[in-house]
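To start, the structure itself, in C-alpha cells.
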Amino acid sequence: MSTDDFWTTVATGHTTTVLAGGLDEHLAPTNPALTVRHLTDKLRTQNALPLPVKSGTRVSFAGGLGAHLTYDSVPADGSFGEVVTVKSAHGNITEHDGKVFVQWDDGKFRAIHAQHLRRAGKGKKASDLKADFEKVKALAEKKPDNEFLMSLLKQMADEGFAPTDKQMAVVKKIEGEVKEMATMQKELKTLEKKSSFRVANLGDLTDFLKKAEGKLIHTSTNDLWSYAKDADGNFLVSRLFDDAGEPLKG
C-alpha cells in the first residue's frame with residue numbers, strides 16, 4: 001500500500017470528504033460553538049429594533065461588550081434617544097445599512113445598529129423612565145415572589161425596555177395594594193396598644209388567630225382577646241387581660 005493510499009484509508013469514515021481539512025471540520029454546522037453563536041445571533045436579531053423605523057421614535061441603547069467595541073463613541077448603557085431623519089441622495093432616511101440615526105439625550109448624534117437598540121416609550125424622557133425603573137425595583141424588593149414585577153424589572157434592566165401604559169397600570173395597582181397593606185399593618189400596631197377597637201371584618205385581623213368562638217389570640221404577644229358583633233354589624237375586639245395578667249374591666 002502506498003503512503004497516499006494509507007492516509008486516504010485513515011481519513012475515510014471520519015469525514016464525508018476524503019482528507020477534509022481540520023478547519024473545514026471545525027466550521028461544520030454541527031460544531032457546538034457555532035450552534036451557540038447561531039442561537040445568540042438569532043436572539044439578538046429577534047430583539048433588534050424593527051426596521052424601518054419612523055422619525056421621532058424613542059429608543060434605548062442595549063449594547064453589551066460587543067457594542068462598545070463596535071463604535072468609537074457609545075451612549076451609556078440604558079441611555080435613551082430619539083430617531084431622526086438624515087438627508088441623502090434618495091431623500092430623508094432614518095437608517096442606512098442597518099444603522100439607525102439617533103439624537104441621544106446626552107446631546108450627541110450617533111448611528112447605532114438596530115440590534116443594539118430597543119423601542120422605548122414614546123414621548124418619555126430618560127428621567128421618567130428612570131423613575132419607572134426605581135418604582136418597579138422598589139416594589140419588586142417588597143414583593144419578591146411577584147413574577148410580573150420580577151420579569152418587568154429584568155426586561156428594564158437587561159434590555160433597556162420601557163414599560164407600556166398597560167404594564168404601568170398593573171404596577172400602579174400593585175403599588176396601591178402595598179400601600180394599603182402598609183397602612184393596615186401600621187393601624188394594627190397602633191391598635192395593639194388599645195384595650196378595644198372595632199373592625200368591619202375579622203379577616204382584617206392578620207395579627208390575630210382565632211382560638212375559639214368569641215376568642216382571639218395575638219400572634220406576637222400571645223394576649224387573649226374577645227370579639228363580638230355589634231348592632232352595626234361591625235366587630236368589637238377587646239383585650240381580656242392587662243400586662244400584669246389581671247382581667248380588664250369592660
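Convention: chains lettered A, B, ... in C-alpha cells order; per-chain residue numbering from 1; ligands numbered from 1 as shown.
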
Please provide as a VMD selection string all residues within 9 Å of A:Ala114, with the sequence filter that same-chain residues fewer than 2 positions apart are discarded (counting only C-alpha atoms). chain A and resid 45 48 to 51 95 98 to 100 112 116 to 118

Among the residues of stretch 199-234 of chain A, find those DSSP assigns to strand (DSSP E or B) from the backbone and print them as a PyMOL selection string. chain A and resi 199+208-212+215-218+224-229

For A:His96, list every protein, DNA or RNA residue within 12 Å, evaluated using only C-alpha atoms, and leave out those in the same chain fewer than 2 positions away; present the list as a count of residues only. 20

Long-range neighbours of A:Ala140 as JSON, numbers by chain, 8 Å cut-off, only C-alpha atoms, 6 positions minimum in chain: {"A": [146, 149, 150, 153]}

Writing out the chosen residues with C-alpha atoms as an mmCIF file, in the first residue's frame:
data_model
loop_
_atom_site.group_PDB
_atom_site.id
_atom_site.type_symbol
_atom_site.label_atom_id
_atom_site.label_comp_id
_atom_site.auth_asym_id
_atom_site.auth_seq_id
_atom_site.Cartn_x
_atom_site.Cartn_y
_atom_site.Cartn_z
ATOM 1 C CA ASN A 146 -44.410 38.568 42.240
ATOM 2 C CA LEU A 149 -42.645 42.573 38.761
ATOM 3 C CA MET A 150 -39.518 40.415 38.569
ATOM 4 C CA LEU A 153 -37.626 44.551 36.214
#

Which one is closest to A:Gln103: A:Glu177, A:Lys215, A:Ser60, A:Gly91? Count only C-alpha atoms.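 When distances to A:Gln103 are compared using only C-alpha atoms, the smallest one comes from A:Ser60.
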
What's around A:Ser196 at 7 Å? Count only C-alpha atoms, leave out sequence neighbours fewer than 2 positions away in its own chain, and write the answer as a PDB file with C-alpha atoms, in the first residue's frame.
ATOM      1  CA  LYS A 194     -55.602  49.901  72.928  1.00  0.00           C
ATOM      2  CA  LEU A 236     -65.828  44.838  68.763  1.00  0.00           C
ATOM      3  CA  VAL A 237     -62.460  43.368  69.664  1.00  0.00           C
ATOM      4  CA  SER A 238     -61.440  43.698  73.321  1.00  0.00           C
ATOM      5  CA  ARG A 239     -58.335  42.766  75.244  1.00  0.00           C
TER       6      ARG A 239
END

Where in stretch 56-118 of chain A does DSSP assign helix (DSSP H, G or I), given as a list in words?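 Residues of stretch 56-118 of chain A classed as helix (DSSP H, G or I): Leu65, Gly66, Ala67, His68, Leu69, Thr70, Ala114, Gln115 and His116 of chain A.
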
Could you save those same residues with N, CA and C atoms as a PDB file, in the first residue's frame?
ATOM      1  N   LEU A  65     -20.810  44.181  25.532  1.00  0.00           N
ATOM      2  CA  LEU A  65     -19.392  44.422  25.281  1.00  0.00           C
ATOM      3  C   LEU A  65     -19.118  44.584  23.795  1.00  0.00           C
ATOM      4  N   GLY A  66     -19.803  43.772  22.979  1.00  0.00           N
ATOM      5  CA  GLY A  66     -19.601  43.848  21.535  1.00  0.00           C
ATOM      6  C   GLY A  66     -19.939  45.216  20.987  1.00  0.00           C
ATOM      7  N   ALA A  67     -20.995  45.813  21.525  1.00  0.00           N
ATOM      8  CA  ALA A  67     -21.412  47.137  21.065  1.00  0.00           C
ATOM      9  C   ALA A  67     -20.355  48.184  21.399  1.00  0.00           C
ATOM     10  N   HIS A  68     -19.774  48.071  22.561  1.00  0.00           N
ATOM     11  CA  HIS A  68     -18.766  49.046  22.987  1.00  0.00           C
ATOM     12  C   HIS A  68     -17.502  48.944  22.132  1.00  0.00           C
ATOM     13  N   LEU A  69     -17.267  47.760  21.564  1.00  0.00           N
ATOM     14  CA  LEU A  69     -16.104  47.578  20.706  1.00  0.00           C
ATOM     15  C   LEU A  69     -16.399  47.945  19.257  1.00  0.00           C
ATOM     16  N   THR A  70     -17.676  48.161  18.953  1.00  0.00           N
ATOM     17  CA  THR A  70     -18.083  48.441  17.584  1.00  0.00           C
ATOM     18  C   THR A  70     -17.991  49.915  17.231  1.00  0.00           C
ATOM     19  N   ALA A 114     -29.319  48.468  14.629  1.00  0.00           N
ATOM     20  CA  ALA A 114     -30.650  48.177  15.169  1.00  0.00           C
ATOM     21  C   ALA A 114     -30.597  47.111  16.254  1.00  0.00           C
ATOM     22  N   GLN A 115     -29.642  46.176  16.155  1.00  0.00           N
ATOM     23  CA  GLN A 115     -29.564  45.103  17.143  1.00  0.00           C
ATOM     24  C   GLN A 115     -29.137  45.596  18.512  1.00  0.00           C
ATOM     25  N   HIS A 116     -28.604  46.812  18.555  1.00  0.00           N
ATOM     26  CA  HIS A 116     -28.196  47.405  19.830  1.00  0.00           C
ATOM     27  C   HIS A 116     -29.210  48.415  20.342  1.00  0.00           C
TER      28      HIS A 116
END

Which of these, A:Phe148, A:Ala76, A:Ser226, A:Lys108, has the shortest distance to A:Leu202 once you count only C-alpha atoms? A:Ser226

May I ask which of the residues A:Arg110, A:Asp145, A:Ala157, A:Asn222 is the closest one to A:Asp72, counting only C-alpha atoms?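 So, comparing all the options, the nearest one is A:Arg110.
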
Nearest to A:Lys130: which of A:Phe80, A:Val171, A:Asp106, A:Val178 is it, counting only C-alpha atoms?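 Selected residue with least distance to A:Lys130: A:Phe80.
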
Please indicate the distance in Å from atom CA of A:Ala169 to atom CA of A:Trp104, rounded to one decimal place.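 Separation of atom CA of A:Ala169 and atom CA of A:Trp104: 27.7 Å.
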
Just to confirm, what's the straight-line distance from atom CA of A:Lys229 to atom CA of A:Leu216 in Å (one decimal)?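 Atom-to-atom, atom CA of A:Lys229 and atom CA of A:Leu216 are spaced 13.7 Å apart.
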